[in-house]
$ cat target34.cif   # mmCIF, N, CA, C and O atoms
data_model
#
loop_
_atom_site.group_PDB
_atom_site.id
_atom_site.type_symbol
_atom_site.label_atom_id
_atom_site.label_comp_id
_atom_site.auth_asym_id
_atom_site.auth_seq_id
_atom_site.Cartn_x
_atom_site.Cartn_y
_atom_site.Cartn_z
ATOM 1 N N MET S 216 44.803 149.969 361.454
ATOM 2 C CA MET S 216 45.259 150.168 360.095
ATOM 3 C C MET S 216 46.667 149.577 359.944
ATOM 4 O O MET S 216 47.568 149.906 360.698
ATOM 5 N N GLU S 217 46.824 148.694 358.992
ATOM 6 C CA GLU S 217 48.128 148.061 358.777
ATOM 7 C C GLU S 217 49.047 148.984 357.988
ATOM 8 O O GLU S 217 48.607 149.691 357.094
ATOM 9 N N LYS S 218 50.301 148.911 358.333
ATOM 10 C CA LYS S 218 51.289 149.698 357.593
ATOM 11 C C LYS S 218 51.887 148.825 356.501
ATOM 12 O O LYS S 218 52.223 147.675 356.736
ATOM 13 N N ASP S 219 51.999 149.378 355.323
ATOM 14 C CA ASP S 219 52.678 148.671 354.236
ATOM 15 C C ASP S 219 54.175 148.892 354.384
ATOM 16 O O ASP S 219 54.622 150.008 354.622
ATOM 17 N N THR S 220 54.910 147.814 354.275
ATOM 18 C CA THR S 220 56.362 147.896 354.386
ATOM 19 C C THR S 220 56.968 147.863 353.001
ATOM 20 O O THR S 220 56.643 147.004 352.188
ATOM 21 N N MET S 221 57.839 148.821 352.744
ATOM 22 C CA MET S 221 58.538 148.867 351.470
ATOM 23 C C MET S 221 60.022 148.637 351.734
ATOM 24 O O MET S 221 60.621 149.303 352.583
ATOM 25 N N ILE S 222 60.591 147.680 351.058
ATOM 26 C CA ILE S 222 62.011 147.366 351.213
ATOM 27 C C ILE S 222 62.747 147.885 349.984
ATOM 28 O O ILE S 222 62.417 147.529 348.854
ATOM 29 N N LEU S 223 63.719 148.740 350.227
ATOM 30 C CA LEU S 223 64.532 149.276 349.150
ATOM 31 C C LEU S 223 65.899 148.612 349.178
ATOM 32 O O LEU S 223 66.510 148.464 350.236
ATOM 33 N N THR S 224 66.368 148.221 348.029
ATOM 34 C CA THR S 224 67.708 147.656 347.902
ATOM 35 C C THR S 224 68.507 148.568 346.979
ATOM 36 O O THR S 224 68.086 148.850 345.870
ATOM 37 N N ARG S 225 69.629 149.005 347.485
ATOM 38 C CA ARG S 225 70.472 149.890 346.671
ATOM 39 C C ARG S 225 71.779 149.183 346.372
ATOM 40 O O ARG S 225 72.341 148.509 347.210
ATOM 41 N N LYS S 226 72.230 149.344 345.175
ATOM 42 C CA LYS S 226 73.483 148.734 344.763
ATOM 43 C C LYS S 226 74.410 149.827 344.258
ATOM 44 O O LYS S 226 73.978 150.812 343.686
ATOM 45 N N ILE S 227 75.674 149.605 344.458
ATOM 46 C CA ILE S 227 76.690 150.551 343.998
ATOM 47 C C ILE S 227 77.489 149.875 342.898
ATOM 48 O O ILE S 227 77.955 148.752 343.059
ATOM 49 N N GLN S 228 77.632 150.552 341.800
ATOM 50 C CA GLN S 228 78.439 150.037 340.696
ATOM 51 C C GLN S 228 79.682 150.906 340.593
ATOM 52 O O GLN S 228 79.596 152.127 340.502
ATOM 53 N N LEU S 229 80.830 150.269 340.641
ATOM 54 C CA LEU S 229 82.089 150.988 340.533
ATOM 55 C C LEU S 229 82.682 150.754 339.146
ATOM 56 O O LEU S 229 82.848 149.623 338.713
ATOM 57 N N LEU S 230 82.962 151.835 338.484
ATOM 58 C CA LEU S 230 83.596 151.759 337.169
ATOM 59 C C LEU S 230 85.003 152.313 337.296
ATOM 60 O O LEU S 230 85.201 153.437 337.748
ATOM 61 N N ILE S 231 85.968 151.532 336.889
ATOM 62 C CA ILE S 231 87.364 151.940 336.974
ATOM 63 C C ILE S 231 87.752 152.546 335.633
ATOM 64 O O ILE S 231 87.684 151.895 334.593
ATOM 65 N N ASP S 232 88.128 153.804 335.689
ATOM 66 C CA ASP S 232 88.414 154.566 334.473
ATOM 67 C C ASP S 232 89.862 154.336 334.042
ATOM 68 O O ASP S 232 90.758 155.118 334.353
ATOM 69 N N SER S 233 90.065 153.245 333.323
ATOM 70 C CA SER S 233 91.396 152.929 332.828
ATOM 71 C C SER S 233 91.276 151.934 331.683
ATOM 72 O O SER S 233 90.341 151.144 331.622
ATOM 73 N N GLU S 234 92.226 151.979 330.793
ATOM 74 C CA GLU S 234 92.289 151.028 329.685
ATOM 75 C C GLU S 234 93.231 149.871 329.998
ATOM 76 O O GLU S 234 93.172 148.825 329.351
ATOM 77 N N ASP S 235 94.101 150.074 330.979
ATOM 78 C CA ASP S 235 95.101 149.075 331.338
ATOM 79 C C ASP S 235 94.458 147.962 332.172
ATOM 80 O O ASP S 235 93.954 148.195 333.270
ATOM 81 N N LYS S 236 94.464 146.748 331.661
ATOM 82 C CA LYS S 236 93.828 145.621 332.354
ATOM 83 C C LYS S 236 94.503 145.309 333.687
ATOM 84 O O LYS S 236 93.846 144.913 334.645
ATOM 85 N N GLU S 237 95.811 145.468 333.773
ATOM 86 C CA GLU S 237 96.531 145.214 335.022
ATOM 87 C C GLU S 237 96.123 146.228 336.099
ATOM 88 O O GLU S 237 95.961 145.869 337.260
ATOM 89 N N GLU S 238 95.957 147.479 335.699
ATOM 90 C CA GLU S 238 95.545 148.518 336.643
ATOM 91 C C GLU S 238 94.118 148.260 337.136
ATOM 92 O O GLU S 238 93.820 148.423 338.326
ATOM 93 N N ILE S 239 93.238 147.836 336.238
ATOM 94 C CA ILE S 239 91.857 147.510 336.603
ATOM 95 C C ILE S 239 91.841 146.331 337.581
ATOM 96 O O ILE S 239 91.147 146.359 338.599
ATOM 97 N N LYS S 240 92.649 145.301 337.279
ATOM 98 C CA LYS S 240 92.705 144.133 338.155
ATOM 99 C C LYS S 240 93.246 144.512 339.528
ATOM 100 O O LYS S 240 92.715 144.070 340.555
ATOM 101 N N ALA S 241 94.283 145.356 339.564
ATOM 102 C CA ALA S 241 94.856 145.779 340.840
ATOM 103 C C ALA S 241 93.837 146.582 341.658
ATOM 104 O O ALA S 241 93.716 146.391 342.874
ATOM 105 N N ALA S 242 93.081 147.443 341.002
ATOM 106 C CA ALA S 242 92.072 148.243 341.701
ATOM 107 C C ALA S 242 90.959 147.347 342.249
ATOM 108 O O ALA S 242 90.508 147.513 343.388
ATOM 109 N N LYS S 243 90.498 146.390 341.446
ATOM 110 C CA LYS S 243 89.451 145.471 341.905
ATOM 111 C C LYS S 243 89.952 144.616 343.057
ATOM 112 O O LYS S 243 89.231 144.392 344.029
ATOM 113 N N ASP S 244 91.179 144.136 342.961
ATOM 114 C CA ASP S 244 91.751 143.335 344.047
ATOM 115 C C ASP S 244 91.808 144.141 345.346
ATOM 116 O O ASP S 244 91.489 143.627 346.420
ATOM 117 N N GLN S 245 92.201 145.415 345.252
ATOM 118 C CA GLN S 245 92.270 146.276 346.436
ATOM 119 C C GLN S 245 90.878 146.481 347.028
ATOM 120 O O GLN S 245 90.684 146.396 348.240
ATOM 121 N N LEU S 246 89.878 146.716 346.181
ATOM 122 C CA LEU S 246 88.508 146.907 346.664
ATOM 123 C C LEU S 246 87.978 145.647 347.343
ATOM 124 O O LEU S 246 87.345 145.724 348.402
ATOM 125 N N TYR S 247 88.211 144.484 346.736
ATOM 126 C CA TYR S 247 87.757 143.237 347.348
ATOM 127 C C TYR S 247 88.501 142.951 348.643
ATOM 128 O O TYR S 247 87.927 142.399 349.583
ATOM 129 N N SER S 248 89.763 143.353 348.720
ATOM 130 C CA SER S 248 90.525 143.198 349.953
ATOM 131 C C SER S 248 89.901 144.045 351.064
ATOM 132 O O SER S 248 89.734 143.577 352.197
ATOM 133 N N TRP S 249 89.556 145.296 350.750
ATOM 134 C CA TRP S 249 88.911 146.163 351.738
ATOM 135 C C TRP S 249 87.554 145.589 352.148
ATOM 136 O O TRP S 249 87.173 145.674 353.302
ATOM 137 N N GLN S 250 86.830 145.009 351.190
ATOM 138 C CA GLN S 250 85.537 144.410 351.497
ATOM 139 C C GLN S 250 85.705 143.254 352.489
ATOM 140 O O GLN S 250 84.947 143.142 353.460
ATOM 141 N N ARG S 251 86.695 142.403 352.267
ATOM 142 C CA ARG S 251 86.943 141.290 353.184
ATOM 143 C C ARG S 251 87.339 141.780 354.572
ATOM 144 O O ARG S 251 86.900 141.234 355.585
ATOM 145 N N ILE S 252 88.158 142.831 354.623
ATOM 146 C CA ILE S 252 88.575 143.391 355.909
ATOM 147 C C ILE S 252 87.366 143.916 356.670
ATOM 148 O O ILE S 252 87.204 143.653 357.871
ATOM 149 N N CYS S 253 86.480 144.650 355.994
ATOM 150 C CA CYS S 253 85.285 145.198 356.639
ATOM 151 C C CYS S 253 84.354 144.081 357.100
ATOM 152 O O CYS S 253 83.775 144.162 358.191
ATOM 153 N N PHE S 254 84.218 143.045 356.284
ATOM 154 C CA PHE S 254 83.361 141.916 356.642
ATOM 155 C C PHE S 254 83.875 141.220 357.895
ATOM 156 O O PHE S 254 83.118 140.932 358.828
ATOM 157 N N ARG S 255 85.178 140.967 357.940
ATOM 158 C CA ARG S 255 85.772 140.305 359.105
ATOM 159 C C ARG S 255 85.675 141.185 360.345
ATOM 160 O O ARG S 255 85.410 140.692 361.450
ATOM 161 N N ALA S 256 85.877 142.506 360.179
ATOM 162 C CA ALA S 256 85.770 143.423 361.316
ATOM 163 C C ALA S 256 84.349 143.428 361.865
ATOM 164 O O ALA S 256 84.146 143.406 363.092
ATOM 165 N N ALA S 257 83.353 143.438 360.977
ATOM 166 C CA ALA S 257 81.958 143.415 361.425
ATOM 167 C C ALA S 257 81.661 142.122 362.177
ATOM 168 O O ALA S 257 80.971 142.146 363.207
ATOM 169 N N ASN S 258 82.168 141.002 361.695
ATOM 170 C CA ASN S 258 81.964 139.729 362.390
ATOM 171 C C ASN S 258 82.626 139.725 363.762
ATOM 172 O O ASN S 258 82.053 139.222 364.735
ATOM 173 N N MET S 259 83.822 140.289 363.852
ATOM 174 C CA MET S 259 84.513 140.336 365.139
ATOM 175 C C MET S 259 83.761 141.242 366.119
ATOM 176 O O MET S 259 83.649 140.913 367.310
ATOM 177 N N ILE S 260 83.230 142.351 365.636
ATOM 178 C CA ILE S 260 82.476 143.262 366.496
ATOM 179 C C ILE S 260 81.226 142.572 367.031
ATOM 180 O O ILE S 260 80.920 142.645 368.229
ATOM 181 N N MET S 261 80.500 141.895 366.155
ATOM 182 C CA MET S 261 79.283 141.215 366.591
ATOM 183 C C MET S 261 79.601 140.053 367.534
ATOM 184 O O MET S 261 78.874 139.815 368.501
ATOM 185 N N SER S 262 80.683 139.329 367.271
ATOM 186 C CA SER S 262 81.080 138.242 368.170
ATOM 187 C C SER S 262 81.446 138.792 369.545
ATOM 188 O O SER S 262 81.066 138.227 370.578
ATOM 189 N N HIS S 263 82.186 139.892 369.578
ATOM 190 C CA HIS S 263 82.573 140.513 370.838
ATOM 191 C C HIS S 263 81.321 140.975 371.602
ATOM 192 O O HIS S 263 81.211 140.758 372.810
ATOM 193 N N HIS S 264 80.389 141.583 370.896
ATOM 194 C CA HIS S 264 79.146 142.039 371.519
ATOM 195 C C HIS S 264 78.376 140.853 372.104
ATOM 196 O O HIS S 264 77.865 140.933 373.229
ATOM 197 N N PHE S 265 78.293 139.764 371.358
ATOM 198 C CA PHE S 265 77.598 138.565 371.841
ATOM 199 C C PHE S 265 78.259 138.030 373.107
ATOM 200 O O PHE S 265 77.582 137.704 374.084
ATOM 201 N N VAL S 266 79.576 137.935 373.106
ATOM 202 C CA VAL S 266 80.293 137.417 374.276
ATOM 203 C C VAL S 266 80.069 138.338 375.470
ATOM 204 O O VAL S 266 79.847 137.866 376.588
ATOM 205 N N GLN S 267 80.100 139.651 375.251
ATOM 206 C CA GLN S 267 79.875 140.586 376.354
ATOM 207 C C GLN S 267 78.481 140.418 376.950
ATOM 208 O O GLN S 267 78.299 140.526 378.149
ATOM 209 N N GLU S 268 77.502 140.151 376.097
ATOM 210 C CA GLU S 268 76.136 139.956 376.584
ATOM 211 C C GLU S 268 75.971 138.618 377.304
ATOM 212 O O GLU S 268 75.181 138.499 378.232
ATOM 213 N N GLN S 269 76.727 137.596 376.891
ATOM 214 C CA GLN S 269 76.556 136.249 377.431
ATOM 215 C C GLN S 269 77.557 135.901 378.530
ATOM 216 O O GLN S 269 77.509 134.798 379.057
ATOM 217 N N VAL S 270 78.450 136.812 378.885
ATOM 218 C CA VAL S 270 79.514 136.487 379.836
ATOM 219 C C VAL S 270 78.933 136.104 381.205
ATOM 220 O O VAL S 270 79.532 135.319 381.941
ATOM 221 N N LYS S 271 77.770 136.606 381.544
ATOM 222 C CA LYS S 271 77.176 136.269 382.841
ATOM 223 C C LYS S 271 76.780 134.799 382.921
ATOM 224 O O LYS S 271 76.602 134.260 384.008
ATOM 225 N N ASP S 272 76.644 134.141 381.772
ATOM 226 C CA ASP S 272 76.259 132.734 381.754
ATOM 227 C C ASP S 272 77.457 131.785 381.690
ATOM 228 O O ASP S 272 77.268 130.574 381.714
ATOM 229 N N PHE S 273 78.669 132.321 381.598
ATOM 230 C CA PHE S 273 79.850 131.472 381.526
ATOM 231 C C PHE S 273 80.229 130.968 382.927
ATOM 232 O O PHE S 273 80.155 131.689 383.910
ATOM 233 N N PHE S 274 80.664 129.737 382.974
ATOM 234 C CA PHE S 274 81.102 129.142 384.233
ATOM 235 C C PHE S 274 82.594 128.834 384.134
ATOM 236 O O PHE S 274 83.097 128.464 383.072
ATOM 237 N N TYR S 275 83.292 128.981 385.247
ATOM 238 C CA TYR S 275 84.701 128.651 385.305
ATOM 239 C C TYR S 275 84.924 127.683 386.468
ATOM 240 O O TYR S 275 84.301 127.818 387.525
ATOM 241 N N LEU S 276 85.815 126.728 386.281
ATOM 242 C CA LEU S 276 86.141 125.784 387.343
ATOM 243 C C LEU S 276 87.522 126.124 387.898
ATOM 244 O O LEU S 276 88.497 126.172 387.157
ATOM 245 N N THR S 277 87.568 126.384 389.180
ATOM 246 C CA THR S 277 88.855 126.651 389.830
ATOM 247 C C THR S 277 88.884 125.860 391.125
ATOM 248 O O THR S 277 87.990 125.979 391.967
ATOM 249 N N GLU S 278 89.901 125.059 391.295
ATOM 250 C CA GLU S 278 90.107 124.268 392.493
ATOM 251 C C GLU S 278 88.829 123.546 392.910
ATOM 252 O O GLU S 278 88.377 123.629 394.053
ATOM 253 N N GLU S 279 88.224 122.875 391.957
ATOM 254 C CA GLU S 279 87.018 122.085 392.168
ATOM 255 C C GLU S 279 85.821 122.904 392.654
ATOM 256 O O GLU S 279 84.878 122.386 393.214
ATOM 257 N N ILE S 280 85.872 124.209 392.471
ATOM 258 C CA ILE S 280 84.756 125.086 392.846
ATOM 259 C C ILE S 280 84.245 125.745 391.569
ATOM 260 O O ILE S 280 85.020 126.306 390.800
ATOM 261 N N LYS S 281 82.965 125.646 391.351
ATOM 262 C CA LYS S 281 82.369 126.238 390.166
ATOM 263 C C LYS S 281 82.025 127.705 390.496
ATOM 264 O O LYS S 281 81.267 127.990 391.406
ATOM 265 N N LEU S 282 82.612 128.619 389.763
ATOM 266 C CA LEU S 282 82.352 130.036 389.971
ATOM 267 C C LEU S 282 81.558 130.579 388.803
ATOM 268 O O LEU S 282 81.799 130.227 387.645
ATOM 269 N N LYS S 283 80.626 131.414 389.086
ATOM 270 C CA LYS S 283 79.849 132.053 388.051
ATOM 271 C C LYS S 283 80.203 133.532 388.032
ATOM 272 O O LYS S 283 80.188 134.181 389.062
ATOM 273 N N ILE S 284 80.505 134.042 386.855
ATOM 274 C CA ILE S 284 80.834 135.467 386.724
ATOM 275 C C ILE S 284 79.551 136.274 386.777
ATOM 276 O O ILE S 284 78.592 135.987 386.115
ATOM 277 N N ALA S 285 79.553 137.312 387.588
ATOM 278 C CA ALA S 285 78.360 138.152 387.707
ATOM 279 C C ALA S 285 78.498 139.377 386.816
ATOM 280 O O ALA S 285 79.551 139.828 386.515
#

$ encode --input "target34.cif" --output "C-alpha cells"
Amino acid sequence: MEKDTMILTRKIQLLIDSEDKEEIKAAKDQLYSWQRICFRAANMIMSHHFVQEQVKDFFYLTEEIKLKIA
C-alpha cells in the first residue's frame, strides 16, 4: 500500500503596528538583518559539518611525504 505524501507550507506574515514610516522601515531592516545572520549561520554550520565528515579524505604534503588524516 502506497503512502500519500502531503507537503504543507506555512508562511508567517509580520505586521508592524505603527503609522511612522521610518519606524516601520527600521523594524523591517532589523528583521531582514536577523534573517541574513541566521542564513549565514546555517550555511556555516552545514559547511563545518561537511568538512568534519570529509576530513578523512583530505591529504596534506609535508616534507615530500603525503600524509592522510585518519

$ select_by_dssp --input "target34.cif" --residues "stretch 220-280 of chain S" --states "strand (DSSP E or B)" --output "compact mmCIF listing (two decimals) with N, CA, C and O atoms, in the coordinates of the input"
# COMPACT_ATOMS: atom_id res chain seq x y z
N PHE S 274 80.66 129.74 382.97
CA PHE S 274 81.10 129.14 384.23
C PHE S 274 82.59 128.83 384.13
O PHE S 274 83.10 128.46 383.07
N TYR S 275 83.29 128.98 385.25
CA TYR S 275 84.70 128.65 385.30
C TYR S 275 84.92 127.68 386.47
O TYR S 275 84.30 127.82 387.52
N LEU S 276 85.82 126.73 386.28
CA LEU S 276 86.14 125.78 387.34
C LEU S 276 87.52 126.12 387.90
O LEU S 276 88.50 126.17 387.16
N THR S 277 87.57 126.38 389.18
CA THR S 277 88.86 126.65 389.83
C THR S 277 88.88 125.86 391.12
O THR S 277 87.99 125.98 391.97
N ILE S 280 85.87 124.21 392.47
CA ILE S 280 84.76 125.09 392.85
C ILE S 280 84.24 125.74 391.57
O ILE S 280 85.02 126.31 390.80

$ atom_distance --input "target34.cif" --atom1 "atom O of S:Leu230" --atom2 "atom N of S:Lys243"
9.6 Å

$ atom_distance --input "target34.cif" --atom1 "atom N of S:Leu246" --atom2 "atom CA of S:Phe265"
29.6 Å

$ atom_distance --input "target34.cif" --atom1 "atom O of S:Ala257" --atom2 "atom CA of S:Leu223"
22.8 Å

$ axis_aligned_box --input "target34.cif" --around "stretch 239-243 of chain S" --padding-each-side "4 Å" --output "JSON"
{"center_x": 92.0, "center_y": 146.2, "center_z": 340.1, "size_x": 13.6, "size_y": 12.2, "size_z": 15.8}
